[in-house]
Amino acid sequence: MNRQAKCKTPRRPPPKKPPNSQKDPVGVYLRVRPLVAEDEECCIEVISSTTVQLHAPEGLKVNRNGEYRETQYSFKKVFGVSISQMELFEHVAKPLVVDLINGKNGLLFTYGVTGSGKTFTMTGSPGQGGLLPRSLDMIFNSVGPFQAKKYVFKTDDKNGMEIQCEVDALLERQRRENSLIVPKTPSSRHPTFRDPEIGDMLKPEEAFKADGVDEDSSYSVFVSYIEIYNNYIYDLLEETQEDAIKPKAPQSKILREDQNHNMYVAGCMEVEVKSAEEAFQVFWRGQKKRKVANTRLNRESSRSHSVFIIKLAQAPLDADGDNILQDKNQVSVSQLCLVDLAGSERTGRTGAEGTRIREAGNINQSLLNLRTCIEILRENQMCGTNKMVPYRDSKVTHLFKNYFDGEGKVRMVVCVNPKADDYEETLLVMRFAEMTQEVEVARPVDRPICGFTPGRRNRNQAFKEELSHRLEERGGPIDRDGFSPVNGIVLSLPPLPSCELTDPNDEITLPRLIEALQNRQRIRQMMIEEYNRAAIMMKSMLQELDSNLISKENLIHEHNGRLVEKDKVIHSNKTEIERLEKKNKMQEHKIDILQKTTKIYEDDKRSLQQELETRAHRMQRELSEKRRMEQRMQGMVSDTQHKWEKECERRVNAMQLEMQNKLWVKDEKLKQLKAIVTESKTPGRPDPPPRQPQRPSREERPPTKRSASPSPLPTTTPVRPLHRRSRSAGAEKWVDHKPSSSLDLGTVLQPVIPNAIQVSTPNEKALSKCDRYVLTHQEVASDGEIQTKLIKGEVIKTRGGGQAVQFTDIETLKQELATVQSRKRKSSEGRSGDQTDGPWTDVETRCSVALEMKAGSNMGPGFEHHGITKRRKP
């Protein structure tokens, strides 16, 4: 058996709304709060009725150059510090109340930083009522005479409204009055506390009343009051049983969507009120439950967003103008939301701790989500994009998404505090408010007309009054209500006398009865004639009304034709205005782009000028440094020249001394040769053995070709290891660096380096494998001979991961030739074969070699000390 596939619930199509291309921008108004202290610094200046200018306070650098910049912001209207609550209501909230009575929705919220006067603007104080009590007063002044009886309109649980007949409404009233709980006595902790009344808020001369109220409809007002605290919704009018031992925490509410895709708070209590005083008492009952706290900036700072919702239900009367039409589809429900947003704040300034920090974070996050939604709406409208607006990220934006989608007018009152401490927060509020003005909301559509004859309530009331007046003139009794002509006719006839006959000869009862019947017949005939006359008169009046109606219909038709022409002209004018507005917006956008580009260019120009000045200063410093360097180099050249002159003079003196010594040695040789020759010529002495060819002297040898010594290796900064490996741990490996240009001098002692890697050019690979390093370097000594130096060092690791060589020792190898060969001669005793040393064979003479100094001595490795041959006594 195949299992049936599980299908998804089909998406409910949105309700069809009449297309409306007309849009209105969000109305943004600015209200400036007066300063607490007169000598306090002010950073806001009202320039005109629509423009303000912000001044940076003293000590605050707006940009990197430290220049003060003044910024202007424009609004629909700016209210200064001297504006009254009544003038503010007349410009801001009165049009929304008129739309509410005409069946249109409205949203009004206050926005600003903490302590800027939002709650005072919305609620007010005794004698200075805010927007909320004045709105309630205007609503009941307008629809008060046309209100339905209580519980005729009844709310359901799905954001809808039902209608009950008067009998059901009467039973509902009795049931609720009998089930009312006796209110508890107020707490004795505040014996002098009294809830404010709306009469204390408003003055009689400040009352407003809407014009054009539909008198053929019945109205009923419902109010609800909620707060959004830490992104949770709580009902402030919910009646809970207080338990002193174990208090019950309030339950949060959820948002739902009704069949018309409008958002509402599920399970929220809606109270039907019949007067402004009753509505304001309900508001104050919820106001006492609102979350407030004392901070460093505000003594009673709102810790939640409060939403006061006024619902106005209206339904037309029937054709007779007597009862409400029992048709749910004819019920129209409009609502006005008055929102007091919590102020954005910085925890560093408010000194918030613990719970206050979490509350401030949630408040700032919800306001940030509101700003994000406004920015995306503006971008979609101006750039033609279709980005998703994140209404669901916050309860505030999710609850009022229908207003931004075209369900009513949206207005915002921005409250600012002009003191210098709030300058940075006020600047952000101004930017957000100016951006909000660019968002357009679709204009709400007027509700359809029910189709009944207008003025039926007044005609029904006039008919009842006329009928009651005529019955009173006849002298007949009427009922207590005075609206039942049937009862009036029955009670106006004279009563019948007694008809009981006790005597056959009674001649009084029958004539009296006959007379009473004749009187009743006469009165009946008079009433019939009066009725006929009234019917004829009514007929003539109806004919006259029909003729007047026809003439008025013709006049209305003519006026409608004119209105159609005017509408065409208005439509063409509106089209032209929209085109010009779009062109104006485009030009403003271009101007804004050009201003930003100009600003960028100015900033670049300023930065380039600063860079040019910096480079000029640097060039001047380099030139001066170059001059100082030239002077220093000239001094060093002169010092070096003087030093080399002294060195050359010293070397010349040494060479002269050496040459004198050589001449003296040659003289001694010549003397010895002469003595030998003289002795050889003595008779009886054998000839000396033939002399072996002497090795040419250093002066006679051709100069050998000397190679240039290689340049020393560049050294880097060595890094001393923390623990050096002991030499006894293993054999050391050497890098034997012998350049290819080195010559083999054939010295007697040659270095033997075991376990070495011979290289002609050192590299990193060879150095990483060895511990020691030796460089074979050849150079010309001071006497003109080539000498070999063995420069030894240790290979160590550097911080960069490479190898470095630290030189520790220098060993010099040098080869010298003896200037005079040692020779043997016969002894003076005449013993043949025995040879004795002559004066030239002295040790000092034969061992005239160079003494090389060790590394680290005061004398350099090239310094030589030549021994001077002793002169023997004869």
# chains A, B, ... in the order shown; residues from 1 in each chain; ligands from 1
call {"tool": "select_by_dssp", "arguments": {"residues": "range 287-465 of chain A", "states": "strand (DSSP E or B)", "output": "NGL selection string"}}
result
:A and (292-293 or 301-302 or 305-317 or 324 or 332-340 or 344 or 408-416 or 419 or 440-442)
call {"tool": "write_last_selection", "arguments": {"atoms": "C-alpha atoms", "output": "CSV table (one decimal), in the first residue's frame"}}
result
chain,number,residue,atom,x,y,z
A,292,VAL,CA,11.0,53.2,34.3
A,293,ALA,CA,14.3,53.6,36.2
A,301,SER,CA,14.0,57.2,32.2
A,302,SER,CA,11.7,55.0,30.1
A,305,HIS,CA,8.8,51.3,24.2
A,306,SER,CA,5.1,52.1,25.0
A,307,VAL,CA,2.4,51.8,22.4
A,308,PHE,CA,-1.1,53.2,23.1
A,309,ILE,CA,-3.6,51.9,20.5
A,310,ILE,CA,-6.9,53.7,19.9
A,311,LYS,CA,-9.4,51.6,17.8
A,312,LEU,CA,-12.5,53.3,16.4
A,313,ALA,CA,-15.2,50.9,15.2
A,314,GLN,CA,-18.1,52.4,13.1
A,315,ALA,CA,-21.1,50.8,11.3
A,316,PRO,CA,-23.9,52.5,9.4
A,317,LEU,CA,-27.5,52.7,10.6
A,324,ILE,CA,-27.3,49.6,13.6
A,332,SER,CA,-15.1,49.7,9.5
A,333,VAL,CA,-12.3,49.6,12.0
A,334,SER,CA,-9.5,52.2,12.1
A,335,GLN,CA,-6.7,52.6,14.6
A,336,LEU,CA,-4.3,55.3,15.8
A,337,CYS,CA,-1.0,54.1,17.4
A,338,LEU,CA,0.7,56.6,19.7
A,339,VAL,CA,4.3,55.3,20.4
A,340,ASP,CA,6.7,56.7,23.0
A,344,SER,CA,19.0,55.8,22.9
A,408,GLY,CA,-1.9,54.7,7.0
A,409,LYS,CA,0.0,57.9,7.5
A,410,VAL,CA,3.2,57.9,9.5
A,411,ARG,CA,4.5,60.9,11.4
A,412,MET,CA,7.5,61.3,13.7
A,413,VAL,CA,8.2,63.9,16.3
A,414,VAL,CA,12.0,64.2,16.9
A,415,CYS,CA,12.8,65.6,20.3
A,416,VAL,CA,16.2,67.0,20.9
A,419,LYS,CA,22.8,71.1,25.6
A,440,GLU,CA,7.3,57.6,1.0
A,441,VAL,CA,4.3,55.7,2.2
A,442,ALA,CA,1.2,54.9,0.1
call {"tool": "select_by_dssp", "arguments": {"residues": "range 612-697 of chain A", "states": "helix (DSSP H, G or I)", "output": "ChimeraX atom specification"}}
result
/A:612-680
call {"tool": "residues_around", "arguments": {"residues": "Lys401 in chain A", "least_positions_apart": "3", "cutoff": "10 Å", "atoms": "only C-alpha atoms", "output": "ChimeraX atom specification"}}
result
/A:262-263,373,389-392,395-398,404-407
call {"tool": "closest_residue", "arguments": {"among": "A:Ala462, A:Tyr773, A:Glu227, A:Leu513", "to": "Ser498 in chain A", "atoms": "only C-alpha atoms"}}
result
A:Leu513
